[in-house]
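Visitor: File follows, model-v1.cif with mmCIF, C-alpha atoms and all ligand atoms:
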data_protein
loop_
_atom_site.label_atom_id
_atom_site.label_comp_id
_atom_site.auth_asym_id
_atom_site.auth_seq_id
_atom_site.Cartn_x
_atom_site.Cartn_y
_atom_site.Cartn_z
CA MET A 1 -7.80 -16.56 -9.98
CA THR A 2 -9.94 -13.42 -10.14
CA TRP A 3 -10.00 -11.19 -7.09
CA THR A 4 -12.70 -8.66 -6.33
CA PRO A 5 -11.59 -6.08 -3.79
CA ARG A 6 -14.31 -4.65 -1.54
CA LEU A 7 -14.21 -1.51 0.56
CA ALA A 8 -12.79 -2.03 4.05
CA CYS A 9 -14.96 -1.14 7.05
CA GLU A 10 -14.36 -0.48 10.75
CA ASN A 11 -15.16 -4.12 11.55
CA ASP A 12 -12.13 -5.25 9.50
CA ILE A 13 -9.61 -3.33 11.61
CA LEU A 14 -8.82 -6.09 14.13
CA VAL A 15 -8.12 -8.56 11.32
CA LEU A 16 -6.00 -6.00 9.46
CA GLU A 17 -3.97 -5.38 12.61
CA GLU A 18 -3.02 -9.07 12.53
CA LEU A 19 -2.52 -9.34 8.79
CA ILE A 20 -0.16 -6.36 8.46
CA PRO A 21 2.58 -7.59 10.88
CA LEU A 22 2.36 -11.09 9.41
CA SER A 23 2.80 -9.77 5.89
CA VAL A 24 5.70 -7.54 6.96
CA ARG A 25 7.61 -10.18 8.96
CA ILE A 26 7.54 -12.75 6.16
CA LEU A 27 7.47 -10.83 2.89
CA GLN A 28 9.86 -8.04 3.90
CA ALA A 29 12.38 -10.36 5.57
CA PRO A 30 14.58 -10.58 2.45
CA TYR A 31 14.93 -6.77 2.42
CA TYR A 32 14.95 -5.49 6.03
CA SER A 33 16.44 -6.60 9.36
CA ALA A 34 14.21 -7.88 12.17
CA ALA A 35 14.96 -4.68 14.11
CA GLN A 36 13.88 -2.51 11.18
CA MET A 37 10.64 -4.45 10.67
CA GLU A 38 9.72 -4.42 14.37
CA ALA A 39 10.37 -0.67 14.63
CA ALA A 40 8.27 -0.06 11.54
CA ILE A 41 5.24 -2.18 12.53
CA GLY A 42 2.76 0.33 13.89
CA PRO A 43 4.12 3.74 12.94
CA VAL A 44 5.12 2.91 9.34
CA PHE A 45 3.14 -0.28 8.71
CA GLY A 46 -0.25 0.05 10.36
CA VAL A 47 -3.91 0.72 9.67
CA ASP A 48 -4.82 4.26 8.64
CA ARG A 49 -8.44 4.58 9.77
CA GLN A 50 -8.81 7.79 7.79
CA LEU A 51 -8.62 5.80 4.54
CA ILE A 52 -11.38 3.47 5.79
CA ARG A 53 -13.52 6.49 6.76
CA ASP A 54 -12.87 8.05 3.33
CA GLY A 55 -13.96 4.87 1.50
CA THR A 56 -10.56 4.56 -0.21
CA TYR A 57 -9.22 1.39 1.44
CA PHE A 58 -9.91 -2.10 0.09
CA VAL A 59 -9.61 -5.69 1.21
CA VAL A 60 -9.58 -8.94 -0.72
CA GLU A 61 -11.19 -12.01 0.81
CA HIS A 62 -10.82 -15.72 0.19
CA ASP A 63 -13.40 -18.04 1.77
CA GLY A 64 -14.54 -15.14 3.96
CA LYS A 65 -11.02 -14.38 5.29
CA ILE A 66 -9.11 -11.23 4.47
CA VAL A 67 -5.95 -12.14 2.52
CA GLY A 68 -4.87 -8.70 1.32
CA CYS A 69 -5.45 -4.98 1.73
CA GLY A 70 -4.42 -1.70 0.18
CA GLY A 71 -5.77 1.67 -0.77
CA TRP A 72 -5.39 5.12 -2.21
CA SER A 73 -5.83 8.53 -0.71
CA ARG A 74 -7.01 12.00 -1.59
CA ARG A 75 -5.06 13.29 1.41
CA LYS A 76 -1.51 14.51 1.91
CA THR A 77 0.04 11.72 4.02
CA LEU A 78 2.30 9.48 1.92
CA TYR A 79 2.66 6.51 4.24
CA GLY A 80 2.20 5.25 7.79
CA GLY A 81 -0.47 4.22 10.26
CA ASP A 82 -2.68 6.88 11.85
CA ARG A 83 -1.46 6.39 15.44
CA GLY A 84 1.21 9.06 15.48
CA ARG A 85 -0.56 11.62 13.33
CA ASP A 86 -1.43 14.98 14.82
CA GLY A 87 -4.59 16.66 13.54
CA GLU A 88 -6.42 16.39 10.25
CA ASP A 89 -4.74 14.87 7.18
CA GLU A 90 -5.08 17.68 4.65
CA GLN A 91 -7.03 17.13 1.38
CA LEU A 92 -5.17 17.19 -1.94
CA ASP A 93 -6.22 19.04 -5.10
CA PRO A 94 -6.82 16.40 -7.84
CA LYS A 95 -5.89 18.82 -10.61
CA ARG A 96 -2.58 19.78 -9.05
CA ASP A 97 -1.52 17.00 -6.68
CA PRO A 98 -0.89 13.29 -7.19
CA ALA A 99 -3.24 10.84 -5.45
CA ARG A 100 -1.49 8.65 -2.91
CA ILE A 101 -1.28 4.87 -3.20
CA ARG A 102 -1.20 3.52 0.35
CA ALA A 103 -0.54 0.54 2.60
CA PHE A 104 -0.62 -2.64 0.51
CA PHE A 105 -0.22 -5.87 2.49
CA VAL A 106 -0.85 -9.41 1.28
CA HIS A 107 -0.98 -12.53 3.44
CA PRO A 108 2.30 -14.43 2.88
CA ALA A 109 0.43 -17.63 1.96
CA TRP A 110 -1.28 -15.70 -0.84
CA ALA A 111 1.64 -13.71 -2.22
CA ARG A 112 2.25 -13.53 -5.96
CA ARG A 113 -1.26 -14.58 -6.94
CA GLY A 114 -2.43 -11.25 -8.26
CA ILE A 115 -4.06 -9.84 -5.10
CA GLY A 116 -1.83 -6.75 -4.97
CA ARG A 117 -2.45 -6.20 -8.67
CA SER A 118 -6.24 -6.43 -8.25
CA ILE A 119 -6.21 -3.81 -5.49
CA LEU A 120 -3.88 -1.50 -7.40
CA VAL A 121 -6.10 -1.62 -10.50
CA THR A 122 -9.10 -0.77 -8.29
CA CYS A 123 -7.25 2.11 -6.62
CA GLU A 124 -6.02 3.65 -9.86
CA ARG A 125 -9.53 3.53 -11.35
CA ALA A 126 -11.02 5.17 -8.27
CA ALA A 127 -8.34 7.89 -8.23
CA ILE A 128 -8.96 8.61 -11.92
CA GLU A 129 -12.72 8.79 -11.28
CA ALA A 130 -12.01 11.28 -8.50
CA GLY A 131 -10.20 13.47 -11.05
CA PHE A 132 -6.56 12.72 -10.22
CA GLU A 133 -4.10 12.69 -13.12
CA LYS A 134 -1.04 11.46 -11.24
CA ALA A 135 -0.26 9.02 -8.45
CA GLU A 136 2.59 8.95 -5.98
CA LEU A 137 3.65 6.45 -3.34
CA VAL A 138 6.44 5.50 -1.01
CA ALA A 139 7.26 1.86 -1.64
CA THR A 140 9.09 -0.63 0.50
CA LEU A 141 11.80 -2.58 -1.27
CA ALA A 142 9.32 -5.51 -1.17
CA GLY A 143 6.65 -3.41 -2.86
CA GLU A 144 8.83 -1.80 -5.54
CA PRO A 145 8.49 -4.66 -8.12
CA LEU A 146 4.67 -4.51 -7.95
CA TYR A 147 4.59 -0.77 -8.64
CA ALA A 148 7.36 -0.97 -11.25
CA SER A 149 5.27 -3.57 -13.10
CA PHE A 150 2.45 -0.97 -13.23
CA GLY A 151 4.68 1.72 -14.74
CA TYR A 152 5.56 3.65 -11.58
CA ALA A 153 8.96 5.33 -11.99
CA VAL A 154 11.51 5.79 -9.22
CA ALA A 155 11.58 9.47 -8.22
CA GLU A 156 13.86 9.13 -5.22
CA ARG A 157 15.48 6.52 -3.01
CA CYS A 158 15.47 7.63 0.60
CA GLU A 159 15.40 6.54 4.23
CA ALA A 160 12.22 6.71 6.31
CA PRO A 161 13.31 7.73 9.81
CA MET A 162 12.18 5.59 12.76
CA THR A 163 12.87 5.34 16.49
CA ASP A 164 16.18 4.25 18.09
CA GLY A 165 18.25 5.69 15.25
CA LEU A 166 16.86 3.13 12.81
CA SER A 167 15.62 3.96 9.34
CA LEU A 168 14.02 2.11 6.47
CA PRO A 169 15.25 2.32 2.88
CA VAL A 170 12.20 3.19 0.77
CA VAL A 171 11.47 4.38 -2.76
CA ARG A 172 9.27 7.32 -3.76
CA MET A 173 7.58 6.43 -7.06
CA THR A 174 5.30 8.37 -9.40
CA LYS A 175 3.03 7.71 -12.37
CA HIS A 176 0.78 9.57 -14.79
CA LEU A 177 -2.72 8.10 -14.58
CA LYS A 178 -4.07 9.23 -17.92
CA VAL A 179 -5.14 5.83 -19.24
CA VAL A 180 -7.15 3.31 -17.22
CA PRO A 181 -4.72 0.40 -16.84
CA GLN A 182 -5.57 -2.87 -18.60
CA HIS A 183 -4.37 -5.66 -16.28
C1 LIG B 201 4.06 -5.92 -2.27
C2 LIG B 201 2.92 -6.90 -2.14
C3 LIG B 201 1.67 -6.15 -1.64
C4 LIG B 201 2.63 -7.50 -3.53
O1 LIG B 201 1.41 -8.25 -3.47
P1 LIG B 201 1.16 -9.57 -4.34
O2 LIG B 201 -0.28 -9.90 -4.25
O3 LIG B 201 2.12 -10.63 -3.94
O4 LIG B 201 1.54 -9.07 -5.81
P2 LIG B 201 0.90 -9.62 -7.19
O5 LIG B 201 0.82 -11.11 -7.11
O6 LIG B 201 -0.36 -8.90 -7.48
O7 LIG B 201 2.05 -9.18 -8.22
C5 LIG B 201 1.76 -8.45 -9.40
C6 LIG B 201 3.06 -8.25 -10.14
O8 LIG B 201 3.95 -7.44 -9.36
C7 LIG B 201 5.30 -7.92 -9.51
N1 LIG B 201 5.75 -8.50 -8.23
C8 LIG B 201 5.03 -8.60 -7.09
N2 LIG B 201 5.78 -9.15 -6.11
C9 LIG B 201 6.99 -9.39 -6.64
C10 LIG B 201 8.19 -9.96 -6.12
N3 LIG B 201 8.31 -10.37 -4.84
N4 LIG B 201 9.26 -10.07 -6.96
C11 LIG B 201 9.17 -9.68 -8.26
N5 LIG B 201 8.05 -9.14 -8.80
C12 LIG B 201 6.98 -9.00 -8.00
C13 LIG B 201 5.23 -8.99 -10.59
O9 LIG B 201 5.38 -8.35 -11.84
C14 LIG B 201 3.83 -9.51 -10.42
O10 LIG B 201 3.31 -10.14 -11.59
P3 LIG B 201 3.63 -11.71 -11.87
O11 LIG B 201 3.43 -12.47 -10.58
O12 LIG B 201 2.61 -12.06 -12.92
O13 LIG B 201 5.05 -11.74 -12.33
C15 LIG B 201 3.29 -8.05 -1.18
O14 LIG B 201 4.55 -8.58 -1.55
C16 LIG B 201 3.39 -7.63 0.27
O15 LIG B 201 2.39 -7.60 0.98
N6 LIG B 201 4.63 -7.32 0.76
C17 LIG B 201 4.84 -7.03 2.19
C18 LIG B 201 4.25 -5.70 2.60
C19 LIG B 201 4.82 -4.58 1.78
O16 LIG B 201 6.03 -4.36 1.74
N7 LIG B 201 3.93 -3.86 1.11
C20 LIG B 201 4.29 -2.79 0.23
C21 LIG B 201 4.05 -1.50 0.89
S1 LIG B 201 4.58 -0.20 -0.23
#
Take the structure I supplied and represent it as structure tokens, if you would.
Ligand SMILES: CC(C)(COP(=O)(O)OP(=O)(O)OC[C@H]1O[C@@H](n2cnc3c(N)ncnc32)[C@H](O)[C@@H]1OP(=O)(O)O)[C@@H](O)C(=O)NCCC(=O)NCCS

Guide:
Amino acid sequence: MTWTPRLACENDILVLEELIPLSVRILQAPYYSAAQMEAAIGPVFGVDRQLIRDGTYFVVEHDGKIVGCGGWSRRKTLYGGDRGRDGEDEQLDPKRDPARIRAFFVHPAWARRGIGRSILVTCERAAIEAGFEKAELVATLAGEPLYASFGYAVAERCEAPMTDGLSLPVVRMTKHLKVVPQH
């Protein structure tokens, strides 16, 4: 199947706020405890409206329903919803800084059908067009195989701190974006 990501808009937010927890609770269940996932939904896994405003967040639809989302960013934040952020998310310098790859979530009924790949291809192309030469992301353990399959290398394994003393094992990954990927 061929997927054609389109830019997300403000009107998509309510649907995305349902899709993201659904994706997390099913597709991350092999990797994280229920307590970890529930603590992360919202602060770690949530909509970042700044990406939608920037025109760097995409959705994929099937029969008019959103079945996946994901984006990139020319701003400093590496992960997380916008709820807890204080102030402006600072702009990066494309010549010096890596673009961010952000917030990929696929509907569990549509996993492993190339939706994540289609959005990642779109994001990398857009970041290259914006002048970025590198990309960086913080992957969940569920997301790591997707990014590894695109040539992202593990830079660091770490724990994202959350409330109630909980944390989430995550992976910081990086890639040089010199060549437009052929997927
Ligand atoms: C990570 C996620 C977005 C991947 O989306 P997807 O549409 O299922 O991925 P794709 O079908 O495009 O996969 C592309 C390639 O990535 C790799 N891949 C993706 N998911 C994988 C998995 N669960 N196990 C092994 N490899 C996987 C494979 O190489 C795959 O190619 P193949 O199916 O031809 O073998 C999806 O699993 C998800 O929403 N997870 C829950 C939310 C989350 O953790 N998001 C990541 C935030 S960093």

Visitor: Between A:Glu144, A:Glu18, A:Glu129, A:Glu10, which one has atoms that come closest to Arg53 (chain A), using only C-alpha atoms?

Guide: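 Ranked by minimum distance to Arg53 (chain A), first place goes to A:Glu10.
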
Visitor: Between atom O13 of ligand LIG 201 (chain B) and CA of Ser118 (chain A), what is the distance in Å, rounded to a tenth?

Guide: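 Between atom O13 of ligand LIG 201 (chain B) and CA of Ser118 (chain A) the gap works out to 13.1 Å.
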
Visitor: Of the residues A:Gly80, A:Pro145, A:Pro5, A:Gly131, which is the one nearest to ligand LIG 201 (chain B), using only C-alpha atoms and all ligand atoms?

Guide: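 Nearest candidate to ligand LIG 201 (chain B) out of A:Gly80, A:Pro145, A:Pro5, A:Gly131: A:Pro145.
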
Visitor: Hey, could you make a per-residue contact list for region 126-169 of chain A against region 24-33 of chain A with 10 Å as the cut-off, showing the nearest pair of atoms and its distance in Å to one decimal, counting only C-alpha atoms, sorted by chain and number, as a Markdown table?

Guide:
| residue | atom | partner | partner_atom | distance |
| --- | --- | --- | --- | --- |
| A:Thr140 | CA | A:Gln28 | CA | 8.2 |
| A:Leu141 | CA | A:Tyr31 | CA | 6.4 |
| A:Ala142 | CA | A:Gln28 | CA | 5.7 |
| A:Gly143 | CA | A:Gln28 | CA | 8.8 |
| A:Leu168 | CA | A:Tyr32 | CA | 7.7 |
| A:Pro169 | CA | A:Tyr32 | CA | 8.4 |

Visitor: Would you name the residues within 9 Å of ligand LIG 201 (chain B), counting only C-alpha atoms and all ligand atoms, and put them as a PyMOL selection string?

Guide: chain A and resi 20-29+45+68-70+79+101-108+110-120+137-150+170-171

Visitor: Give me a file of those residues, with C-alpha atoms, as a short mmCIF file (atom, residue, chain, number, x, y, z; two decimals), in the coordinates of the input.

Guide:
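Final output, saved to part34.cif:
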data_model
loop_
_atom_site.label_atom_id
_atom_site.label_comp_id
_atom_site.auth_asym_id
_atom_site.auth_seq_id
_atom_site.Cartn_x
_atom_site.Cartn_y
_atom_site.Cartn_z
CA ILE A 20 -0.16 -6.36 8.46
CA PRO A 21 2.58 -7.59 10.88
CA LEU A 22 2.36 -11.09 9.41
CA SER A 23 2.80 -9.77 5.89
CA VAL A 24 5.70 -7.54 6.96
CA ARG A 25 7.61 -10.18 8.96
CA ILE A 26 7.54 -12.75 6.16
CA LEU A 27 7.47 -10.83 2.89
CA GLN A 28 9.86 -8.04 3.90
CA ALA A 29 12.38 -10.36 5.57
CA PHE A 45 3.14 -0.28 8.71
CA GLY A 68 -4.87 -8.70 1.32
CA CYS A 69 -5.45 -4.98 1.73
CA GLY A 70 -4.42 -1.70 0.18
CA TYR A 79 2.66 6.51 4.24
CA ILE A 101 -1.28 4.87 -3.20
CA ARG A 102 -1.20 3.52 0.35
CA ALA A 103 -0.54 0.54 2.60
CA PHE A 104 -0.62 -2.64 0.51
CA PHE A 105 -0.22 -5.87 2.49
CA VAL A 106 -0.85 -9.41 1.28
CA HIS A 107 -0.98 -12.53 3.44
CA PRO A 108 2.30 -14.43 2.88
CA TRP A 110 -1.28 -15.70 -0.84
CA ALA A 111 1.64 -13.71 -2.22
CA ARG A 112 2.25 -13.53 -5.96
CA ARG A 113 -1.26 -14.58 -6.94
CA GLY A 114 -2.43 -11.25 -8.26
CA ILE A 115 -4.06 -9.84 -5.10
CA GLY A 116 -1.83 -6.75 -4.97
CA ARG A 117 -2.45 -6.20 -8.67
CA SER A 118 -6.24 -6.43 -8.25
CA ILE A 119 -6.21 -3.81 -5.49
CA LEU A 120 -3.88 -1.50 -7.40
CA LEU A 137 3.65 6.45 -3.34
CA VAL A 138 6.44 5.50 -1.01
CA ALA A 139 7.26 1.86 -1.64
CA THR A 140 9.09 -0.63 0.50
CA LEU A 141 11.80 -2.58 -1.27
CA ALA A 142 9.32 -5.51 -1.17
CA GLY A 143 6.65 -3.41 -2.86
CA GLU A 144 8.83 -1.80 -5.54
CA PRO A 145 8.49 -4.66 -8.12
CA LEU A 146 4.67 -4.51 -7.95
CA TYR A 147 4.59 -0.77 -8.64
CA ALA A 148 7.36 -0.97 -11.25
CA SER A 149 5.27 -3.57 -13.10
CA PHE A 150 2.45 -0.97 -13.23
CA VAL A 170 12.20 3.19 0.77
CA VAL A 171 11.47 4.38 -2.76
#

Visitor: Grab the CA of Arg96 (chain A) to CA of Ala160 (chain A) distance for me, in Å with one decimal place.

Guide: 25.0 Å

Visitor: Let me have the centre and edge lengths of the axis-aligned box enclosing all listed atoms of region 75-78 of chain A with 6 Å padding on every side, in Å to one decimal, as JSON.

Guide:
{"center_x": -1.4, "center_y": 12.0, "center_z": 2.7, "size_x": 19.4, "size_y": 17.0, "size_z": 14.6}

Visitor: Which residue gives the smallest distance to Ala109 (chain A) among A:Leu19, A:Ala39, A:Leu177, A:Val59, with all atoms listed in the file counted?

Guide: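 When distances to Ala109 (chain A) are compared using all atoms listed in the file, the smallest one comes from A:Leu19.
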
Visitor: Just the number, please: distance in Å from CA of Met162 (chain A) to CA of Cys123 (chain A), one decimal.

Guide: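 Distance between the two atoms: 27.7 Å.
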
Visitor: Which is closer to Pro94 (chain A) than all the others in A:Leu16, A:Ala127, A:Val47, A:Val121, using only C-alpha atoms?

Guide: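 Using only C-alpha atoms, the shortest distance to Pro94 (chain A) belongs to A:Ala127.
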
Visitor: Show me as a list in words the residues that reach within 9 Å of (-6.8, 13.2, 3.6), counting all atoms listed in the file and using the file's own coordinates.

Guide: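 I get Gln50, Leu51, Asp54, Ser73, Arg74, Arg75, Lys76, Thr77, Glu88, Asp89, Glu90, Gln91 and Leu92 of chain A for the residues within 9 Å of that point.
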
Visitor: Kindly indicate which residue among A:Glu156, A:Glu133, A:Asp164, A:Glu61 lies nearest to Leu7 (chain A), using all atoms listed in the file for the distances.

Guide: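 Smallest distance to Leu7 (chain A) is found for A:Glu61.
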